[in-house]
>>> print(open('input-v4.cif').read())   # mmCIF, C-alpha atoms (C1' of nucleotides)
data_work
#
loop_
_atom_site.label_atom_id
_atom_site.label_comp_id
_atom_site.auth_asym_id
_atom_site.auth_seq_id
_atom_site.Cartn_x
_atom_site.Cartn_y
_atom_site.Cartn_z
CA MET A 1 11.92 -129.53 158.24
CA GLY A 2 14.62 -131.88 156.96
CA ILE A 3 16.98 -131.77 154.04
CA SER A 4 14.24 -133.04 151.76
CA GLU A 5 12.10 -129.95 152.32
CA ASP A 6 15.12 -127.65 152.34
CA ILE A 7 16.18 -128.50 148.84
CA LYS A 8 12.74 -129.65 147.66
CA GLN A 9 13.86 -133.06 146.59
CA GLU A 10 11.51 -135.82 147.60
CA LYS A 11 13.39 -138.88 146.58
CA PHE A 12 16.98 -139.92 147.17
CA LYS A 13 18.71 -142.98 145.84
CA ASN A 14 19.40 -144.19 149.34
CA GLU A 15 20.28 -142.90 152.77
CA LEU A 16 23.98 -142.62 151.97
CA ASN A 17 23.27 -140.42 148.97
CA LYS A 18 21.00 -138.31 151.10
CA ALA A 19 23.62 -138.09 153.83
CA ILE A 20 26.28 -136.85 151.43
CA ILE A 21 23.98 -134.14 150.15
CA ASN A 22 22.97 -133.36 153.70
CA ILE A 23 26.58 -132.84 154.77
CA VAL A 24 27.28 -130.49 151.86
CA TYR A 25 24.11 -128.57 152.54
CA THR A 26 24.68 -128.35 156.28
CA ASN A 27 28.22 -127.14 155.70
CA SER A 28 26.95 -124.37 153.47
CA TRP A 29 24.27 -123.57 156.04
CA LEU A 30 26.90 -123.24 158.77
CA ASN A 31 29.18 -121.17 156.53
CA THR A 32 26.52 -118.66 155.72
CA ARG A 33 25.77 -118.16 159.37
CA GLN A 34 29.36 -118.03 160.55
CA ALA A 35 30.73 -115.86 157.77
CA GLY A 36 28.95 -112.76 159.02
CA LEU A 37 30.49 -113.23 162.39
CA PHE A 38 34.03 -113.26 161.03
CA LYS A 39 33.43 -110.43 158.63
CA ASP A 40 32.63 -108.09 161.49
CA TYR A 41 36.26 -108.52 162.44
CA GLY A 42 37.65 -108.30 158.92
CA LEU A 43 38.50 -111.98 158.70
CA THR A 44 37.52 -114.66 156.26
CA MET A 45 36.87 -118.19 157.46
CA PRO A 46 40.18 -119.60 156.17
CA GLN A 47 42.00 -116.73 157.86
CA TYR A 48 40.23 -117.48 161.12
CA ASN A 49 41.12 -121.14 160.84
CA VAL A 50 44.79 -120.39 160.33
CA LEU A 51 44.75 -118.12 163.35
CA ARG A 52 43.17 -120.87 165.41
CA ILE A 53 45.87 -123.32 164.40
CA LEU A 54 48.53 -120.77 165.30
CA ARG A 55 46.98 -120.24 168.69
CA GLY A 56 46.99 -124.00 169.19
CA GLN A 57 50.74 -123.95 168.59
CA HIS A 58 51.41 -120.87 170.63
CA PRO A 59 54.01 -119.99 171.82
CA LYS A 60 55.66 -122.39 169.40
CA PRO A 61 55.74 -121.29 165.74
CA ALA A 62 54.19 -123.17 162.85
CA THR A 63 55.63 -123.66 159.41
CA VAL A 64 53.45 -123.12 156.36
CA ASN A 65 53.47 -126.87 155.80
CA LEU A 66 52.07 -127.48 159.25
CA LEU A 67 49.29 -125.04 158.47
CA ILE A 68 48.46 -126.81 155.24
CA ASP A 69 48.45 -130.11 157.04
CA ARG A 70 45.95 -128.97 159.62
CA MET A 71 43.72 -126.65 157.67
CA LEU A 72 40.15 -127.78 157.42
CA ASP A 73 39.99 -126.84 153.77
CA LYS A 74 43.24 -128.01 152.24
CA SER A 75 42.49 -126.34 148.96
CA SER A 76 43.23 -122.83 150.03
CA ASN A 77 46.65 -121.28 149.68
CA ALA A 78 48.24 -121.10 153.09
CA SER A 79 51.07 -118.86 151.97
CA ARG A 80 48.76 -116.12 150.80
CA ILE A 81 46.49 -116.42 153.80
CA VAL A 82 49.54 -115.77 155.95
CA ASP A 83 50.27 -112.74 153.73
CA LYS A 84 46.88 -111.29 154.56
CA LEU A 85 47.20 -111.97 158.26
CA GLU A 86 50.67 -110.47 158.31
CA ALA A 87 49.40 -107.33 156.59
CA LYS A 88 46.94 -106.95 159.46
CA ASN A 89 49.70 -107.58 162.01
CA LEU A 90 47.89 -110.61 163.36
CA VAL A 91 50.83 -112.94 162.73
CA ILE A 92 54.59 -112.63 162.59
CA ARG A 93 56.61 -114.37 159.91
CA LYS A 94 60.32 -114.99 160.16
CA GLN A 95 62.81 -117.24 158.56
CA CYS A 96 63.35 -120.49 160.39
CA SER A 97 66.87 -120.61 161.83
CA ASN A 98 67.74 -124.25 161.22
CA ASP A 99 66.10 -124.61 157.82
CA ARG A 100 66.28 -121.52 155.75
CA ARG A 101 63.67 -122.78 153.30
CA ALA A 102 61.08 -122.89 156.04
CA VAL A 103 59.24 -120.01 157.61
CA ASP A 104 58.17 -119.70 161.20
CA VAL A 105 54.74 -118.22 161.60
CA LEU A 106 53.61 -117.01 165.00
CA ILE A 107 50.38 -115.50 166.18
CA SER A 108 50.88 -111.97 167.50
CA ASP A 109 49.41 -110.49 170.66
CA ALA A 110 46.95 -108.60 168.50
CA GLY A 111 46.04 -111.93 166.87
CA LEU A 112 45.45 -113.57 170.23
CA GLU A 113 43.31 -110.71 171.36
CA LEU A 114 41.24 -110.73 168.21
CA LEU A 115 40.66 -114.46 168.53
CA LYS A 116 39.51 -114.02 172.10
CA LYS A 117 36.92 -111.49 171.00
CA ILE A 118 35.70 -113.65 168.15
CA ASP A 119 35.57 -116.77 170.24
CA SER A 120 33.30 -115.31 172.84
CA LYS A 121 30.91 -114.31 170.08
CA LEU A 122 31.29 -117.72 168.49
CA ASP A 123 30.54 -119.42 171.78
CA LYS A 124 27.31 -117.59 172.09
CA TRP A 125 26.49 -118.30 168.48
CA GLU A 126 27.08 -122.01 168.96
CA GLN A 127 25.01 -122.08 172.09
CA ASP A 128 22.09 -120.45 170.32
CA LEU A 129 22.49 -122.72 167.38
CA CYS A 130 21.63 -126.03 168.48
CA GLY A 131 18.82 -128.41 169.04
CA LEU A 132 21.29 -131.21 169.66
CA SER A 133 22.25 -132.49 173.08
CA GLU A 134 25.85 -133.14 173.98
CA GLU A 135 25.23 -136.84 173.55
CA GLU A 136 23.67 -136.40 170.12
CA CYS A 137 26.65 -134.30 169.06
CA ALA A 138 28.95 -137.08 170.18
CA GLN A 139 26.93 -139.53 168.14
CA LEU A 140 27.13 -137.22 165.13
CA ASN A 141 30.89 -137.04 165.52
CA HIS A 142 31.13 -140.79 165.68
CA LEU A 143 29.11 -141.21 162.49
CA LEU A 144 31.08 -138.59 160.56
CA ASP A 145 34.36 -140.15 161.64
CA LYS A 146 33.12 -143.55 160.56
CA LEU A 147 31.98 -142.21 157.20
CA ARG A 148 35.51 -141.09 156.43
CA THR A 149 37.19 -144.39 157.26
CA MET B 1 41.15 -142.29 163.14
CA GLY B 2 38.68 -139.56 164.05
CA ILE B 3 38.58 -135.86 163.42
CA SER B 4 40.90 -135.27 166.37
CA GLU B 5 43.73 -137.18 164.71
CA ASP B 6 42.90 -135.81 161.29
CA ILE B 7 43.44 -132.21 162.24
CA LYS B 8 45.76 -132.94 165.19
CA GLN B 9 43.68 -131.13 167.74
CA GLU B 10 43.31 -132.97 171.00
CA LYS B 11 40.88 -130.82 172.85
CA PHE B 12 37.58 -129.32 171.80
CA LYS B 13 35.39 -126.99 173.79
CA ASN B 14 32.55 -129.45 173.66
CA GLU B 15 30.97 -132.00 171.39
CA LEU B 16 28.99 -129.39 169.48
CA ASN B 17 32.11 -127.42 168.67
CA LYS B 18 33.77 -130.64 167.56
CA ALA B 19 30.75 -131.56 165.46
CA ILE B 20 30.78 -128.23 163.63
CA ILE B 21 34.45 -128.64 162.79
CA ASN B 22 33.80 -132.24 161.85
CA ILE B 23 31.09 -131.25 159.37
CA VAL B 24 33.32 -128.65 157.71
CA TYR B 25 36.19 -131.12 157.53
CA THR B 26 34.05 -133.95 156.21
CA ASN B 27 32.58 -131.69 153.57
CA SER B 28 36.04 -130.77 152.37
CA TRP B 29 37.02 -134.44 152.46
CA LEU B 30 34.04 -135.34 150.28
CA ASN B 31 34.71 -132.44 147.90
CA THR B 32 38.27 -133.44 147.29
CA ARG B 33 37.20 -136.95 146.43
CA GLN B 34 34.23 -136.01 144.28
CA ALA B 35 35.83 -133.13 142.40
CA GLY B 36 38.04 -135.44 140.34
CA LEU B 37 35.01 -137.38 139.25
CA PHE B 38 33.26 -134.31 137.86
CA LYS B 39 36.37 -132.88 136.31
CA ASP B 40 36.72 -135.91 134.08
CA TYR B 41 33.52 -134.70 132.45
CA GLY B 42 34.47 -131.02 132.39
CA LEU B 43 32.04 -130.04 135.12
CA THR B 44 32.54 -128.31 138.43
CA MET B 45 30.50 -129.34 141.43
CA PRO B 46 28.17 -126.32 141.28
CA GLN B 47 27.57 -126.99 137.60
CA TYR B 48 26.74 -130.60 138.35
CA ASN B 49 24.33 -129.56 141.06
CA VAL B 50 22.49 -127.18 138.75
CA LEU B 51 22.20 -129.92 136.16
CA ARG B 52 20.77 -132.24 138.79
CA ILE B 53 18.15 -129.69 139.77
CA LEU B 54 17.21 -129.22 136.14
CA ARG B 55 16.83 -132.95 135.68
CA GLY B 56 14.60 -133.00 138.73
CA GLN B 57 12.38 -130.43 137.01
CA HIS B 58 12.49 -132.06 133.60
CA PRO B 59 10.59 -131.69 131.35
CA LYS B 60 9.44 -128.54 133.13
CA PRO B 61 11.79 -125.58 133.00
CA ALA B 62 13.36 -123.85 135.98
CA THR B 63 13.84 -120.14 136.47
CA VAL B 64 17.14 -118.83 137.77
CA ASN B 65 15.44 -118.03 141.05
CA LEU B 66 14.34 -121.61 141.46
CA LEU B 67 17.91 -122.72 140.91
CA ILE B 68 19.19 -120.33 143.54
CA ASP B 69 16.54 -121.53 145.93
CA ARG B 70 17.53 -125.17 145.60
CA MET B 71 21.25 -124.98 145.14
CA LEU B 72 23.24 -126.63 147.87
CA ASP B 73 25.68 -123.76 147.94
CA LYS B 74 23.66 -120.59 147.73
CA SER B 75 26.74 -118.45 147.42
CA SER B 76 27.51 -119.31 143.86
CA ASN B 77 26.16 -117.24 141.00
CA ALA B 78 23.44 -119.21 139.29
CA SER B 79 23.28 -116.95 136.28
CA ARG B 80 26.91 -117.50 135.41
CA ILE B 81 26.75 -121.22 136.07
CA VAL B 82 23.94 -121.37 133.54
CA ASP B 83 26.18 -119.41 131.15
CA LYS B 84 28.82 -122.09 131.40
CA LEU B 85 26.36 -124.92 130.95
CA GLU B 86 24.76 -123.19 127.99
CA ALA B 87 28.15 -122.75 126.35
CA LYS B 88 28.57 -126.53 126.59
CA ASN B 89 25.07 -127.08 125.19
CA LEU B 90 24.02 -128.91 128.32
CA VAL B 91 21.11 -126.55 128.98
CA ILE B 92 18.77 -124.40 126.94
CA ARG B 93 17.84 -120.92 128.03
CA LYS B 94 14.86 -119.02 126.73
CA GLN B 95 12.74 -116.13 127.79
CA CYS B 96 9.73 -117.07 129.86
CA SER B 97 6.53 -116.33 127.95
CA ASN B 98 4.30 -115.04 130.76
CA ASP B 99 6.94 -113.07 132.64
CA ARG B 100 9.46 -111.52 130.38
CA ARG B 101 11.83 -110.77 133.22
CA ALA B 102 12.21 -114.45 133.96
CA VAL B 103 14.23 -117.00 132.06
CA ASP B 104 13.30 -120.62 131.51
CA VAL B 105 16.22 -122.97 131.82
CA LEU B 106 15.90 -126.53 130.56
CA ILE B 107 18.31 -129.41 130.60
CA SER B 108 19.16 -130.56 127.07
CA ASP B 109 19.36 -134.14 125.84
CA ALA B 110 23.12 -133.86 125.93
CA GLY B 111 22.81 -132.72 129.53
CA LEU B 112 20.63 -135.65 130.46
CA GLU B 113 23.04 -138.05 128.83
CA LEU B 114 26.03 -136.56 130.56
CA LEU B 115 24.28 -136.82 133.92
CA LYS B 116 23.51 -140.45 133.29
CA LYS B 117 27.16 -141.19 132.67
CA ILE B 118 28.30 -139.28 135.73
CA ASP B 119 25.68 -140.81 137.97
CA SER B 120 26.70 -144.35 137.26
CA LYS B 121 30.26 -143.43 138.20
CA LEU B 122 29.01 -141.60 141.25
CA ASP B 123 26.97 -144.59 142.31
CA LYS B 124 30.03 -146.78 142.27
CA TRP B 125 32.02 -144.13 144.08
CA GLU B 126 29.41 -143.89 146.81
CA GLN B 127 29.22 -147.61 147.19
CA ASP B 128 32.97 -147.87 147.64
CA LEU B 129 32.98 -144.99 150.02
CA CYS B 130 31.28 -146.08 152.99
CA GLY B 131 31.69 -147.79 156.27
CA LEU B 132 28.19 -146.74 157.27
CA SER B 133 25.14 -148.95 157.10
CA GLU B 134 21.87 -147.72 155.67
CA GLU B 135 20.57 -147.34 159.18
CA GLU B 136 23.56 -145.37 160.35
CA CYS B 137 23.18 -143.06 157.35
CA ALA B 138 19.56 -142.50 158.30
CA GLN B 139 20.64 -141.64 161.81
CA LEU B 140 23.24 -139.22 160.44
CA ASN B 141 20.57 -137.55 158.34
CA HIS B 142 18.35 -137.22 161.34
CA LEU B 143 21.06 -135.58 163.41
CA LEU B 144 22.07 -133.15 160.66
CA ASP B 145 18.46 -132.16 160.10
CA LYS B 146 18.02 -131.60 163.81
CA LEU B 147 21.18 -129.52 164.01
CA ARG B 148 19.74 -127.09 161.49
CA THR B 149 16.42 -126.59 163.23
"C1'" DT C 1 82.62 -132.09 146.18
"C1'" DT C 2 79.46 -132.07 142.40
"C1'" DA C 3 75.16 -133.24 140.30
"C1'" DA C 4 70.54 -134.80 140.74
"C1'" DT C 5 66.51 -135.05 143.63
"C1'" DT C 6 63.46 -133.52 147.00
"C1'" DT C 7 61.38 -130.12 149.95
"C1'" DA C 8 59.58 -125.44 151.49
"C1'" DG C 9 57.50 -121.74 150.22
"C1'" DA C 10 56.33 -117.90 146.92
"C1'" DT C 11 54.38 -116.34 142.69
"C1'" DG C 12 51.76 -116.13 138.00
"C1'" DT C 13 47.74 -117.21 135.66
"C1'" DT C 14 43.16 -118.45 135.01
"C1'" DG C 15 38.73 -119.04 136.49
"C1'" DT C 16 35.33 -118.45 140.29
"C1'" DT C 17 33.04 -116.36 144.12
"C1'" DA C 18 31.07 -112.43 146.72
"C1'" DC C 19 28.82 -108.52 146.58
"C1'" DA C 20 27.22 -104.30 144.62
"C1'" DA C 21 25.24 -102.00 140.78
"C1'" DT C 22 22.52 -102.12 136.89
"C1'" DA C 23 18.68 -102.89 133.47
"C1'" DA C 24 14.31 -104.39 132.29
"C1'" DA C 25 9.71 -106.02 133.40
"C1'" DT C 26 6.08 -106.11 136.55
"C1'" DG C 27 3.17 -104.63 140.39
"C1'" DT C 28 0.97 -100.97 143.10
"C1'" DA C 29 -1.15 -96.80 144.35
"C1'" DA C 30 -2.31 -92.03 143.54
"C1'" DT D 1 -1.75 -93.07 133.28
"C1'" DT D 2 2.18 -91.72 135.76
"C1'" DA D 3 5.35 -92.32 139.45
"C1'" DC D 4 7.53 -95.32 142.57
"C1'" DA D 5 8.69 -99.73 144.45
"C1'" DT D 6 9.64 -104.53 143.74
"C1'" DT D 7 11.15 -108.53 141.32
"C1'" DT D 8 14.10 -111.07 137.90
"C1'" DA D 9 18.14 -111.68 135.97
"C1'" DT D 10 22.67 -110.00 134.27
"C1'" DT D 11 27.03 -107.69 134.64
"C1'" DG D 12 31.27 -105.24 136.79
"C1'" DT D 13 34.75 -105.52 139.98
"C1'" DA D 14 37.67 -106.89 143.61
"C1'" DA D 15 39.12 -110.60 146.19
"C1'" DC D 16 39.97 -115.36 146.34
"C1'" DA D 17 40.82 -120.26 145.01
"C1'" DA D 18 42.95 -123.79 142.03
"C1'" DC D 19 46.68 -125.29 139.92
"C1'" DA D 20 51.11 -125.06 137.70
"C1'" DT D 21 55.52 -123.12 137.80
"C1'" DC D 22 59.49 -121.23 139.88
"C1'" DT D 23 63.40 -120.26 143.24
"C1'" DA D 24 66.17 -121.33 146.97
"C1'" DA D 25 67.70 -124.53 150.31
"C1'" DA D 26 68.50 -129.04 151.87
"C1'" DT D 27 69.22 -133.88 151.11
"C1'" DT D 28 70.97 -137.82 148.66
"C1'" DA D 29 73.97 -140.38 145.64
"C1'" DA D 30 77.90 -140.72 142.71
#
>>> encode(input="input-v4.cif", output="C-alpha cells")
Amino acid sequence: MGISEDIKQEKFKNELNKAIINIVYTNSWLNTRQAGLFKDYGLTMPQYNVLRILRGQHPKPATVNLLIDRMLDKSSNASRIVDKLEAKNLVIRKQCSNDRRAVDVLISDAGLELLKKIDSKLDKWEQDLCGLSEEECAQLNHLLDKLRT
Amino acid sequence: MGISEDIKQEKFKNELNKAIINIVYTNSWLNTRQAGLFKDYGLTMPQYNVLRILRGQHPKPATVNLLIDRMLDKSSNASRIVDKLEAKNLVIRKQCSNDRRAVDVLISDAGLELLKKIDSKLDKWEQDLCGLSEEECAQLNHLLDKLRT
DNA sequence: TTAATTTAGATGTTGTTACAATAAATGTAA
DNA sequence: TTACATTTATTGTAACAACATCTAAATTAA
C-alpha cells in the first residue's frame, strides 16, 4: 500500500512530484499518530519541540531567537509557546543579564521530568512504528538531506 | 549540509529517530517554499490540494467525504475549505440528487484555469528544486511508503 | 553625545485549525 | 410506521498560527 493507494491518485507527473506529495502525506501521517501521545501530557507538538531544544541546551539557557532558529516548524510563534510552557511551570524565563533585550529560557526540573516520561513512550512508539531497518533509515536521511540542497 | 547542521543537533537516538525529525523538517522546508507560490494566486495549500482532488475527479463531482478521505492533511476542515473556494467561484456546490445529505462539489472552469496557471509555475519550481535524480526520487518514495506500513 | 539603525522579543489582529455539538437525511429493526 | 442508530455535512468555540506592528535595548555613525 503506497502513497498512490493512500490518496487514490494513480498518475503522478514524475517521481519528484510524487516524492513531494509523499513527504507531505507522511508528515501528516506521523503527526496524527504522534499528536495523541503528546496530548496525554497536555503538550502540543510545537511545545514538545521547544522543550526538547531546551533540554539539548541544558543547563545552559536559550534565547527566544535560538529557539526560532532550531525549531522544526519555523512558522510558529516561539514567544507564545514559551508563554504556555511557563504557565505550566515547565520552563523558567528570566531577563538576560548582559543583553536586557534578550530573554534566557531554561527548562525546569518539572520540564525535564515530563520529557523523560514522554520520551520513553515515544521510544516505544517509534520502535513499533517501523518496517525500516537502520540502514534504510540512514538511506532515507541521505535522500531527504540531498533533496534540500 | 544535512539535517544535523540544519537544526544544530549532533546526536540522534538512532537513524529512525533522525528520519522522523528529517521528514517533519523537510515538510516544513517544502511548505515555506511552496506557500509563496500559492499565495500569489490567493490560495492556501489546503485549498490548492482540494482543487487538485476535484480536478482529478472532473467531470465527476466529489462529496465532502471523498475530499476528506483524499486530502493530504486530514486535519483541516473540508467543509470550510469548500466555502472559501466557492466564495471565489472556483468550485460549484450543489445538493446530491440521490442522497440529500450529501453535497456534490465540482471544480469550475475558473478553477481549472487557475490550476493550470499554478501548475506550470509549480512545474518550474519543482524542476529548479532538486538535486535528486528520478531514480533517487523513486527510492525515496519506496522508503516513505515502507515507513508507513 | 545624539540621532538613526538594527536587534530581541512581545503583542494585536485576522484567519485557520481542532474538536465537539448540531441538524438533517438515511438506514435498520421492532 | 415508529423509534433509534448511523451517516453526511455544517456550525460554534476555543486555541493556535501567520503576519504586521510595536517597544525597549543595543549598536552604529555623525
>>> atom_distance(input="input-v4.cif", atom1="atom CA of A:Cys137", atom2="atom CA of A:Ser120")
20.5 Å
>>> resolve_selection(input="input-v4.cif", expression="the PyMOL selection byres ((chain C) within 9 of (chain B))", output="PyMOL selection string")
chain C and resi 16-18+24-26
>>> write_last_selection(input="input-v4.cif", atoms="C-alpha atoms (C1' of nucleotides)", output="PDB file, keeping the file's coordinate frame")
ATOM      1  C1'  DT C  16      35.330-118.450 140.290  1.00  0.00           C
ATOM      2  C1'  DT C  17      33.040-116.360 144.120  1.00  0.00           C
ATOM      3  C1'  DA C  18      31.070-112.430 146.720  1.00  0.00           C
ATOM      4  C1'  DA C  24      14.310-104.390 132.290  1.00  0.00           C
ATOM      5  C1'  DA C  25       9.710-106.020 133.400  1.00  0.00           C
ATOM      6  C1'  DT C  26       6.080-106.110 136.550  1.00  0.00           C
TER       7       DT C  26
END
>>> residues_near_point(input="input-v4.cif", point="(60.4, -130.9, 150.6)", cutoff="10 Å", atoms="all atoms listed in the file", output="ChimeraX atom specification")
/A:65,101-102 /C:6-9 /D:25-27
>>> interface_residues(input="input-v4.cif", of="chain D", to="chain A", cutoff="12 Å", atoms="all atoms listed in the file", output="list in words")
DA15, DC16, DA17, DA18, DC19, DT23, DA24, DA25, DA26 and DT27 of chain D
>>> interface_residues(input="input-v4.cif", of="chain A", to="chain B", cutoff="9 Å", atoms="all atoms listed in the file", output="MDAnalysis selection string")
chainID A and resid 1:3 6:9 14:32 53 56 69:75 123 126:127 129:149
>>> atom_distance(input="input-v4.cif", atom1="atom CA of B:Arg55", atom2="atom CA of B:Ala110")
11.6 Å
>>> residues_around(input="input-v4.cif", residues="B:Ile118", least_positions_apart="2", cutoff="12 Å", atoms="all atoms listed in the file", output="list in words")
Gln34, Ala35, Gly36, Leu37, Phe38, Lys39, Asp40, Tyr41, Gly42, Leu43, Met45, Tyr48, Asn49, Leu51, Arg52, Gly111, Leu112, Glu113, Leu114, Leu115, Lys116, Ser120, Lys121, Leu122, Asp123, Lys124 and Trp125 of chain B
>>> resolve_selection(input="input-v4.cif", expression="the PyMOL selection byres ((chain D and resi 21) around 12)", output="list in words")
DA10, DT11, DG12 and DT13 of chain C; DC19, DA20, DC22 and DT23 of chain D
